>>> print(open('coords_21.cif').read())   # mmCIF, C-alpha atoms
data_query
loop_
_atom_site.group_PDB
_atom_site.id
_atom_site.type_symbol
_atom_site.label_atom_id
_atom_site.label_comp_id
_atom_site.auth_asym_id
_atom_site.auth_seq_id
_atom_site.Cartn_x
_atom_site.Cartn_y
_atom_site.Cartn_z
ATOM 1 C CA MET A 5 45.237 159.274 -50.498
ATOM 2 C CA LYS A 6 42.421 156.812 -49.758
ATOM 3 C CA LYS A 7 44.575 155.210 -47.068
ATOM 4 C CA ASN A 8 44.550 158.539 -45.212
ATOM 5 C CA TYR A 9 40.750 158.834 -45.100
ATOM 6 C CA PRO A 10 40.453 157.358 -41.553
ATOM 7 C CA LEU A 11 42.867 160.004 -40.206
ATOM 8 C CA LEU A 12 40.987 162.726 -42.083
ATOM 9 C CA ILE A 13 37.649 161.565 -40.640
ATOM 10 C CA ILE A 14 39.130 161.505 -37.116
ATOM 11 C CA LEU A 15 40.451 165.049 -37.571
ATOM 12 C CA ILE A 16 37.059 166.286 -38.798
ATOM 13 C CA LEU A 17 35.217 164.657 -35.863
ATOM 14 C CA LEU A 18 37.680 166.065 -33.304
ATOM 15 C CA SER A 19 37.401 169.493 -34.937
ATOM 16 C CA PHE A 20 33.617 169.413 -34.631
ATOM 17 C CA ILE A 21 33.819 168.362 -30.963
ATOM 18 C CA SER A 22 36.409 171.077 -30.230
ATOM 19 C CA LEU A 23 34.081 173.841 -31.443
ATOM 20 C CA PHE A 24 31.456 173.001 -28.810
ATOM 21 C CA ILE A 25 33.647 172.445 -25.724
ATOM 22 C CA GLY A 26 34.453 175.323 -23.408
ATOM 23 C CA ALA A 27 33.460 177.264 -20.296
ATOM 24 C CA LYS A 28 30.811 179.147 -22.281
ATOM 25 C CA GLU A 29 28.092 176.950 -23.751
ATOM 26 C CA VAL A 30 27.897 176.913 -27.537
ATOM 27 C CA SER A 31 25.358 174.620 -29.172
ATOM 28 C CA LEU A 32 24.620 173.686 -32.765
ATOM 29 C CA LYS A 33 21.029 174.816 -32.245
ATOM 30 C CA GLY A 34 22.183 178.202 -30.995
ATOM 31 C CA ILE A 35 24.499 178.639 -33.972
ATOM 32 C CA LEU A 36 21.758 177.700 -36.452
ATOM 33 C CA ASN A 37 19.402 180.146 -34.731
ATOM 34 C CA LEU A 38 22.099 182.831 -35.057
ATOM 35 C CA LYS A 39 22.266 183.650 -31.352
ATOM 36 C CA THR A 40 24.619 186.631 -31.228
ATOM 37 C CA ASP A 41 26.666 185.657 -28.166
ATOM 38 C CA GLN A 42 27.232 182.087 -29.359
ATOM 39 C CA VAL A 43 28.121 183.131 -32.907
ATOM 40 C CA GLN A 44 30.641 185.653 -31.546
ATOM 41 C CA ILE A 45 32.292 183.047 -29.317
ATOM 42 C CA LEU A 46 32.490 180.657 -32.259
ATOM 43 C CA VAL A 47 33.996 183.222 -34.645
ATOM 44 C CA LEU A 48 36.253 185.096 -32.204
ATOM 45 C CA SER A 49 37.487 182.205 -30.040
ATOM 46 C CA ARG A 50 36.574 178.626 -30.971
ATOM 47 C CA ILE A 51 37.389 178.730 -34.712
ATOM 48 C CA PRO A 52 40.711 180.630 -34.222
ATOM 49 C CA ARG A 53 41.673 178.146 -31.514
ATOM 50 C CA LEU A 54 40.823 175.194 -33.762
ATOM 51 C CA LEU A 55 42.802 176.596 -36.689
ATOM 52 C CA SER A 56 45.822 177.384 -34.496
ATOM 53 C CA ILE A 57 45.853 173.838 -33.089
ATOM 54 C CA ILE A 58 45.657 172.275 -36.558
ATOM 55 C CA VAL A 59 48.391 174.521 -37.989
ATOM 56 C CA ALA A 60 50.672 174.093 -34.941
ATOM 57 C CA GLY A 61 50.236 170.307 -34.965
ATOM 58 C CA MET A 62 50.890 170.183 -38.695
ATOM 59 C CA GLY A 63 53.988 172.400 -38.475
ATOM 60 C CA MET A 64 55.695 170.742 -35.506
ATOM 61 C CA SER A 65 55.057 167.238 -36.871
ATOM 62 C CA ILE A 66 56.583 168.123 -40.257
ATOM 63 C CA SER A 67 59.535 169.769 -38.494
ATOM 64 C CA GLY A 68 60.231 166.554 -36.617
ATOM 65 C CA LEU A 69 59.940 164.526 -39.831
ATOM 66 C CA ILE A 70 62.517 166.723 -41.596
ATOM 67 C CA MET A 71 64.930 166.734 -38.630
ATOM 68 C CA GLN A 72 64.812 162.946 -38.364
ATOM 69 C CA GLN A 73 65.463 162.578 -42.080
ATOM 70 C CA ILE A 74 68.398 164.996 -42.145
ATOM 71 C CA SER A 75 70.053 163.644 -38.992
ATOM 72 C CA GLN A 76 69.345 159.989 -39.948
ATOM 73 C CA ASN A 77 68.033 159.361 -36.453
ATOM 74 C CA LYS A 78 64.451 158.611 -35.405
ATOM 75 C CA PHE A 79 64.809 160.218 -31.977
ATOM 76 C CA VAL A 80 65.782 163.688 -33.174
ATOM 77 C CA SER A 81 63.259 166.509 -33.261
ATOM 78 C CA PRO A 82 63.244 170.281 -32.669
ATOM 79 C CA THR A 83 62.885 169.589 -28.941
ATOM 80 C CA THR A 84 65.825 167.141 -28.821
ATOM 81 C CA ALA A 85 68.142 169.027 -31.178
ATOM 82 C CA GLY A 86 68.390 172.340 -29.351
ATOM 83 C CA THR A 87 66.159 174.125 -31.892
ATOM 84 C CA ILE A 88 63.320 174.985 -29.499
ATOM 85 C CA ASP A 89 65.690 175.978 -26.677
ATOM 86 C CA SER A 90 67.611 178.205 -29.071
ATOM 87 C CA ALA A 91 64.341 179.813 -30.177
ATOM 88 C CA LYS A 92 63.524 180.369 -26.511
ATOM 89 C CA LEU A 93 66.851 182.164 -26.029
ATOM 90 C CA GLY A 94 66.052 184.285 -29.081
ATOM 91 C CA ILE A 95 62.726 185.349 -27.578
ATOM 92 C CA LEU A 96 64.450 186.405 -24.364
ATOM 93 C CA VAL A 97 67.032 188.412 -26.307
ATOM 94 C CA SER A 98 64.231 190.146 -28.248
ATOM 95 C CA LEU A 99 62.394 190.941 -24.999
ATOM 96 C CA MET A 100 65.570 192.435 -23.508
ATOM 97 C CA ALA A 101 66.886 194.290 -26.553
ATOM 98 C CA LEU A 102 63.614 195.280 -28.249
ATOM 99 C CA PRO A 103 60.848 195.118 -25.620
ATOM 100 C CA THR A 104 58.430 197.258 -27.649
ATOM 101 C CA SER A 105 59.004 195.494 -30.971
ATOM 102 C CA SER A 106 56.214 193.733 -32.852
ATOM 103 C CA THR A 107 55.545 190.012 -32.638
ATOM 104 C CA MET A 108 56.940 189.574 -36.153
ATOM 105 C CA VAL A 109 60.283 191.097 -35.120
ATOM 106 C CA LYS A 110 60.423 188.806 -32.096
ATOM 107 C CA MET A 111 59.715 185.835 -34.384
ATOM 108 C CA LEU A 112 62.533 186.827 -36.755
ATOM 109 C CA ILE A 113 65.013 187.071 -33.866
ATOM 110 C CA SER A 114 63.777 183.742 -32.514
ATOM 111 C CA PHE A 115 64.144 182.220 -36.002
ATOM 112 C CA ILE A 116 67.782 183.395 -36.260
ATOM 113 C CA PHE A 117 68.624 181.807 -32.913
ATOM 114 C CA ALA A 118 66.721 178.604 -33.768
ATOM 115 C CA LEU A 119 68.568 178.321 -37.084
ATOM 116 C CA GLY A 120 71.904 178.932 -35.376
ATOM 117 C CA GLY A 121 71.150 176.265 -32.764
ATOM 118 C CA SER A 122 70.156 173.748 -35.453
ATOM 119 C CA PHE A 123 73.354 174.330 -37.439
ATOM 120 C CA LEU A 124 75.380 174.065 -34.230
ATOM 121 C CA PHE A 125 73.727 170.714 -33.479
ATOM 122 C CA LEU A 126 74.550 169.303 -36.930
ATOM 123 C CA GLY A 127 78.077 170.705 -36.665
ATOM 124 C CA ILE A 128 78.580 168.836 -33.388
ATOM 125 C CA LEU A 129 77.153 165.639 -34.923
ATOM 126 C CA LYS A 130 79.800 165.698 -37.652
ATOM 127 C CA ARG A 131 82.446 165.425 -34.935
ATOM 128 C CA VAL A 132 80.738 162.611 -33.040
ATOM 129 C CA LYS A 133 82.351 159.297 -33.981
ATOM 130 C CA HIS A 134 79.852 156.897 -32.404
ATOM 131 C CA ARG A 135 76.389 157.782 -33.721
ATOM 132 C CA GLY A 136 74.228 155.396 -31.726
ATOM 133 C CA THR A 137 70.440 155.609 -31.690
ATOM 134 C CA ILE A 138 70.464 157.215 -28.250
ATOM 135 C CA ILE A 139 73.767 159.147 -28.473
ATOM 136 C CA ILE A 140 72.593 161.664 -31.099
ATOM 137 C CA PRO A 141 69.430 162.841 -29.271
ATOM 138 C CA LEU A 142 71.427 162.945 -26.025
ATOM 139 C CA VAL A 143 73.855 165.350 -27.695
ATOM 140 C CA GLY A 144 70.896 167.480 -28.758
ATOM 141 C CA ILE A 145 69.357 167.369 -25.279
ATOM 142 C CA MET A 146 72.678 168.458 -23.736
ATOM 143 C CA LEU A 147 72.958 171.309 -26.240
ATOM 144 C CA GLY A 148 69.380 172.314 -25.489
ATOM 145 C CA SER A 149 70.118 172.212 -21.756
ATOM 146 C CA VAL A 150 73.045 174.586 -22.247
ATOM 147 C CA MET A 151 70.802 176.980 -24.214
ATOM 148 C CA ASP A 152 68.088 176.675 -21.585
ATOM 149 C CA SER A 153 70.599 177.382 -18.796
ATOM 150 C CA MET A 154 71.783 180.501 -20.610
ATOM 151 C CA THR A 155 68.179 181.641 -21.003
ATOM 152 C CA THR A 156 67.408 181.034 -17.308
ATOM 153 C CA PHE A 157 70.576 182.835 -16.184
ATOM 154 C CA LEU A 158 69.905 185.898 -18.339
ATOM 155 C CA ALA A 159 66.226 185.962 -17.367
ATOM 156 C CA TYR A 160 67.184 185.769 -13.683
ATOM 157 C CA ARG A 161 69.737 188.567 -13.976
ATOM 158 C CA MET A 162 67.261 190.778 -15.871
ATOM 159 C CA ASP A 163 64.347 189.864 -13.550
ATOM 160 C CA MET A 164 62.384 188.358 -16.454
ATOM 161 C CA ILE A 165 61.794 184.798 -15.224
ATOM 162 C CA GLN A 166 58.030 185.274 -15.003
ATOM 163 C CA ASN A 167 57.901 186.959 -18.422
ATOM 164 C CA ILE A 168 59.697 184.181 -20.267
ATOM 165 C CA THR A 169 57.852 181.411 -18.358
ATOM 166 C CA ALA A 170 54.418 182.854 -19.108
ATOM 167 C CA TRP A 171 55.367 183.480 -22.751
ATOM 168 C CA LEU A 172 56.569 179.948 -23.437
ATOM 169 C CA GLN A 173 54.007 177.818 -21.617
ATOM 170 C CA GLY A 174 52.196 175.834 -24.289
ATOM 171 C CA ASP A 175 48.599 176.972 -24.014
ATOM 172 C CA PHE A 176 45.784 177.632 -26.490
ATOM 173 C CA SER A 177 43.362 179.171 -23.971
ATOM 174 C CA MET A 178 44.396 182.727 -24.883
ATOM 175 C CA VAL A 179 44.144 182.187 -28.634
ATOM 176 C CA ILE A 180 41.534 184.517 -30.111
ATOM 177 C CA LYS A 181 41.015 186.290 -33.422
ATOM 178 C CA GLY A 182 43.943 188.640 -34.061
ATOM 179 C CA ARG A 183 46.425 186.704 -31.876
ATOM 180 C CA TYR A 184 47.109 183.531 -33.812
ATOM 181 C CA GLU A 185 47.459 184.574 -37.472
ATOM 182 C CA LEU A 186 51.268 184.486 -37.270
ATOM 183 C CA LEU A 187 50.955 180.695 -37.421
ATOM 184 C CA TYR A 188 49.892 181.018 -41.051
ATOM 185 C CA VAL A 189 53.577 181.687 -41.793
ATOM 186 C CA THR A 190 54.156 177.944 -41.378
ATOM 187 C CA ILE A 191 51.785 176.894 -44.196
ATOM 188 C CA PRO A 192 54.021 177.945 -47.154
ATOM 189 C CA PHE A 193 56.963 176.180 -45.526
ATOM 190 C CA VAL A 194 54.957 172.966 -45.108
ATOM 191 C CA LEU A 195 54.245 173.173 -48.852
ATOM 192 C CA LEU A 196 57.964 173.769 -49.441
ATOM 193 C CA ALA A 197 58.710 170.636 -47.419
ATOM 194 C CA PHE A 198 56.374 168.699 -49.711
ATOM 195 C CA LEU A 199 58.186 170.033 -52.810
ATOM 196 C CA TYR A 200 61.583 169.046 -51.416
ATOM 197 C CA ALA A 201 60.396 165.749 -49.909
ATOM 198 C CA ASN A 202 62.244 163.488 -52.371
ATOM 199 C CA LYS A 203 65.458 165.450 -51.885
ATOM 200 C CA PHE A 204 65.137 165.245 -48.104
ATOM 201 C CA THR A 205 64.680 161.484 -48.485
ATOM 202 C CA LEU A 206 67.898 161.253 -50.503
ATOM 203 C CA ALA A 207 69.734 163.471 -48.007
ATOM 204 C CA GLY A 208 68.651 161.047 -45.288
ATOM 205 C CA MET A 209 70.726 158.338 -46.969
ATOM 206 C CA GLY A 210 73.938 160.161 -46.073
ATOM 207 C CA GLU A 211 76.136 162.872 -47.538
ATOM 208 C CA ASP A 212 78.339 160.587 -49.661
ATOM 209 C CA PHE A 213 75.464 158.594 -51.154
ATOM 210 C CA SER A 214 73.307 161.641 -51.961
ATOM 211 C CA THR A 215 76.285 163.525 -53.442
ATOM 212 C CA ASN A 216 77.037 160.590 -55.739
ATOM 213 C CA LEU A 217 73.458 160.855 -57.000
ATOM 214 C CA GLY A 218 74.057 164.507 -57.924
ATOM 215 C CA LEU A 219 72.308 166.075 -54.920
ATOM 216 C CA ASP A 220 73.687 169.260 -53.368
ATOM 217 C CA TYR A 221 73.611 167.832 -49.845
ATOM 218 C CA ASN A 222 74.595 170.964 -47.916
ATOM 219 C CA ARG A 223 72.028 173.097 -49.757
ATOM 220 C CA ILE A 224 69.225 170.638 -49.008
ATOM 221 C CA VAL A 225 70.238 170.498 -45.343
ATOM 222 C CA ARG A 226 70.183 174.301 -45.145
ATOM 223 C CA ILE A 227 66.712 174.415 -46.704
ATOM 224 C CA GLY A 228 65.483 171.770 -44.265
ATOM 225 C CA LEU A 229 66.853 173.631 -41.248
ATOM 226 C CA ILE A 230 65.359 176.927 -42.418
ATOM 227 C CA ILE A 231 61.932 175.260 -42.706
ATOM 228 C CA VAL A 232 62.244 173.702 -39.255
ATOM 229 C CA SER A 233 63.504 176.920 -37.641
ATOM 230 C CA ILE A 234 60.766 179.160 -39.050
ATOM 231 C CA ILE A 235 58.021 176.723 -38.084
ATOM 232 C CA SER A 236 59.475 176.270 -34.584
ATOM 233 C CA ALA A 237 59.863 180.022 -34.048
ATOM 234 C CA SER A 238 56.318 180.837 -35.199
ATOM 235 C CA VAL A 239 54.760 178.116 -33.024
ATOM 236 C CA ILE A 240 56.733 178.986 -29.893
ATOM 237 C CA ILE A 241 56.025 182.707 -30.343
ATOM 238 C CA THR A 242 52.286 182.156 -30.835
ATOM 239 C CA VAL A 243 51.331 179.324 -28.464
ATOM 240 C CA GLY A 244 54.501 178.405 -26.558
ATOM 241 C CA ARG A 245 56.473 175.202 -26.241
ATOM 242 C CA ILE A 246 54.783 171.911 -27.162
ATOM 243 C CA PRO A 247 56.907 168.886 -26.124
ATOM 244 C CA PHE A 248 57.224 165.498 -27.870
ATOM 245 C CA LEU A 249 54.985 166.311 -30.842
ATOM 246 C CA GLY A 250 57.747 166.504 -33.447
ATOM 247 C CA LEU A 251 59.325 163.362 -31.985
ATOM 248 C CA ILE A 252 56.505 160.848 -31.653
ATOM 249 C CA ILE A 253 54.260 161.647 -34.637
ATOM 250 C CA PRO A 254 56.855 161.006 -37.425
ATOM 251 C CA ASN A 255 57.899 157.816 -35.616
ATOM 252 C CA MET A 256 54.338 156.541 -35.398
ATOM 253 C CA VAL A 257 53.819 157.201 -39.115
ATOM 254 C CA SER A 258 57.133 155.654 -40.191
ATOM 255 C CA LEU A 259 56.433 152.463 -38.219
ATOM 256 C CA TYR A 260 53.468 151.751 -40.497
ATOM 257 C CA LYS A 261 54.312 153.694 -43.671
ATOM 258 C CA GLY A 262 58.081 153.290 -44.006
ATOM 259 C CA ASP A 263 60.648 156.047 -44.491
ATOM 260 C CA ASN A 264 59.571 157.675 -47.750
ATOM 261 C CA LEU A 265 59.177 161.292 -46.663
ATOM 262 C CA LYS A 266 56.898 162.306 -49.533
ATOM 263 C CA LYS A 267 54.414 159.519 -48.764
ATOM 264 C CA ASN A 268 54.588 160.321 -45.049
ATOM 265 C CA ILE A 269 53.881 164.065 -45.172
ATOM 266 C CA VAL A 270 50.075 163.855 -45.462
ATOM 267 C CA PRO A 271 49.564 161.205 -42.733
ATOM 268 C CA THR A 272 52.048 163.070 -40.522
ATOM 269 C CA ILE A 273 50.039 166.289 -40.938
ATOM 270 C CA LEU A 274 46.732 164.546 -40.196
ATOM 271 C CA LEU A 275 48.013 162.514 -37.240
ATOM 272 C CA GLY A 276 49.921 165.453 -35.726
ATOM 273 C CA SER A 277 46.913 167.774 -35.914
ATOM 274 C CA SER A 278 44.552 165.063 -34.604
ATOM 275 C CA PHE A 279 46.827 164.176 -31.680
ATOM 276 C CA LEU A 280 47.266 167.820 -30.638
ATOM 277 C CA LEU A 281 43.529 168.422 -30.967
ATOM 278 C CA PHE A 282 42.756 165.331 -28.868
ATOM 279 C CA CYS A 283 45.169 166.539 -26.147
ATOM 280 C CA ASP A 284 43.527 169.976 -26.193
ATOM 281 C CA ILE A 285 40.031 168.499 -25.833
ATOM 282 C CA LEU A 286 41.241 166.232 -23.018
ATOM 283 C CA GLY A 287 42.804 169.198 -21.213
ATOM 284 C CA ARG A 288 39.492 171.077 -21.423
ATOM 285 C CA LEU A 289 37.440 168.157 -20.072
ATOM 286 C CA ILE A 290 39.517 166.813 -17.146
ATOM 287 C CA ILE A 291 38.800 169.714 -14.769
ATOM 288 C CA TYR A 292 35.932 171.344 -16.684
ATOM 289 C CA PRO A 293 35.102 174.277 -16.779
ATOM 290 C CA TYR A 294 38.786 175.003 -16.165
ATOM 291 C CA GLU A 295 41.481 173.585 -18.410
ATOM 292 C CA ILE A 296 44.948 172.075 -18.234
ATOM 293 C CA PRO A 297 47.691 173.618 -20.431
ATOM 294 C CA ILE A 298 48.209 171.582 -23.569
ATOM 295 C CA SER A 299 51.947 171.337 -22.868
ATOM 296 C CA LEU A 300 51.079 169.168 -19.840
ATOM 297 C CA THR A 301 48.640 166.823 -21.595
ATOM 298 C CA VAL A 302 50.934 166.438 -24.628
ATOM 299 C CA GLY A 303 53.899 165.889 -22.306
ATOM 300 C CA ILE A 304 52.203 163.096 -20.355
ATOM 301 C CA LEU A 305 50.704 161.265 -23.330
ATOM 302 C CA GLY A 306 53.814 161.934 -25.430
ATOM 303 C CA SER A 307 56.143 160.432 -22.825
ATOM 304 C CA ILE A 308 54.045 157.250 -22.698
ATOM 305 C CA ILE A 309 54.067 156.942 -26.495
ATOM 306 C CA PHE A 310 57.801 157.736 -26.578
ATOM 307 C CA ILE A 311 58.578 154.858 -24.191
ATOM 308 C CA TYR A 312 56.511 152.538 -26.401
ATOM 309 C CA LEU A 313 58.371 153.728 -29.530
ATOM 310 C CA LEU A 314 61.702 153.326 -27.788
ATOM 311 C CA PHE A 315 60.975 149.661 -27.092
ATOM 312 C CA ARG A 316 59.639 149.104 -30.632
ATOM 313 C CA ARG A 317 62.733 150.672 -32.235
ATOM 314 C CA ASN A 318 65.114 148.658 -30.067
ATOM 315 C CA LYS A 319 63.528 145.262 -30.816
#
>>> encode(input="coords_21.cif", output="structure tokens")
Amino acid sequence: MKKNYPLLIILILLSFISLFIGAKEVSLKGILNLKTDQVQILVLSRIPRLLSIIVAGMGMSISGLIMQQISQNKFVSPTTAGTIDSAKLGILVSLMALPTSSTMVKMLISFIFALGGSFLFLGILKRVKHRGTIIIPLVGIMLGSVMDSMTTFLAYRMDMIQNITAWLQGDFSMVIKGRYELLYVTIPFVLLAFLYANKFTLAGMGEDFSTNLGLDYNRIVRIGLIIVSIISASVIITVGRIPFLGLIIPNMVSLYKGDNLKKNIVPTILLGSSFLLFCDILGRLIIYPYEIPISLTVGILGSIIFIYLLFRRNK
């Protein structure tokens, strides 16, 4: 745990900075003097936004870690395995079939589609003979593109392009008290991932090897996909699509910590939350007092880090 103290300190510092950055001035002096307007902004907007960023970063990073372990490929994540695109299709279906339903119902429908897309991806992988480092994520990207095309076609036919685009744009600017609590659903499943970490590590050694050690491989894979699908659905429903996060964070941790999933969970949580928080702060500062959607800042920085990881993995 001591080795993770630097990441914890970075997360705490970024959290403190995040609370005092925004279009409306909030100062430590004003908070200590209990100025009503500043206290309300802190409680109703800044703290909910901070918590949602930390939980979303934690959840998506753990999802990527589990997907990479199960698929035995370091370039697989919810965004490159069709999981997020399937969840997106589920949201559109919920908007068309049950437009007045609650957010929880929409999340459940999105979860079902995300789970189905994840199982479909693994089913396709079993039939792929040449499992190269790049081939597997390419299969996932193609599957995701098919799902995305279906979503775009249906949205166009139902005149819902603007609805689905606005819903899924990764952005924390609208997060306030009462509109982010659904993300708390991810916390029990992160704890479940920690409990099953050793089994996920064994499953990552292959079906034959893990079965010989007495592990119920298919059951562990199902549990892993359920965790990933619920986390992905809750994040995409609450704050939209966040690219690259589940791909680059587990890779950065594994480069320095190895491939033991149980040892990697805590640093993955801390690094994922810190990276997402840094991107959010950057997006708020570049064109202050306006802000850039976090999906854009994460996408740009994530693509640079991804290229670096790609070269490191292929050395």
>>> atom_distance(input="coords_21.cif", atom1="atom CA of Val132 of chain A", atom2="atom CA of Gly144 of chain A")
11.8 Å
>>> atom_distance(input="coords_21.cif", atom1="atom CA of Leu229 of chain A", atom2="atom CA of Val109 of chain A")
19.6 Å
>>> resolve_selection(input="coords_21.cif", expression="the PyMOL selection byres ((chain A and resi 110) around 12)", output="VMD selection string")
chain A and resid 91 to 109 111 to 117 171 186 234 237 to 238 240 to 242
>>> resolve_selection(input="coords_21.cif", expression="the PyMOL selection byres ((chain A and resi 228) around 12)", output="ChimeraX atom specification")
/A:66-75,82,119,122-123,126,193-194,196-201,203-205,207-208,221-227,229-235
>>> atom_distance(input="coords_21.cif", atom1="atom CA of Leu286 of chain A", atom2="atom CA of Ile16 of chain A")
16.3 Å
>>> resolve_selection(input="coords_21.cif", expression="the PyMOL selection byres ((chain A and resi 46) around 12)", output="ChimeraX atom specification")
/A:20,22-26,28-32,34-36,38-45,47-55,180-181
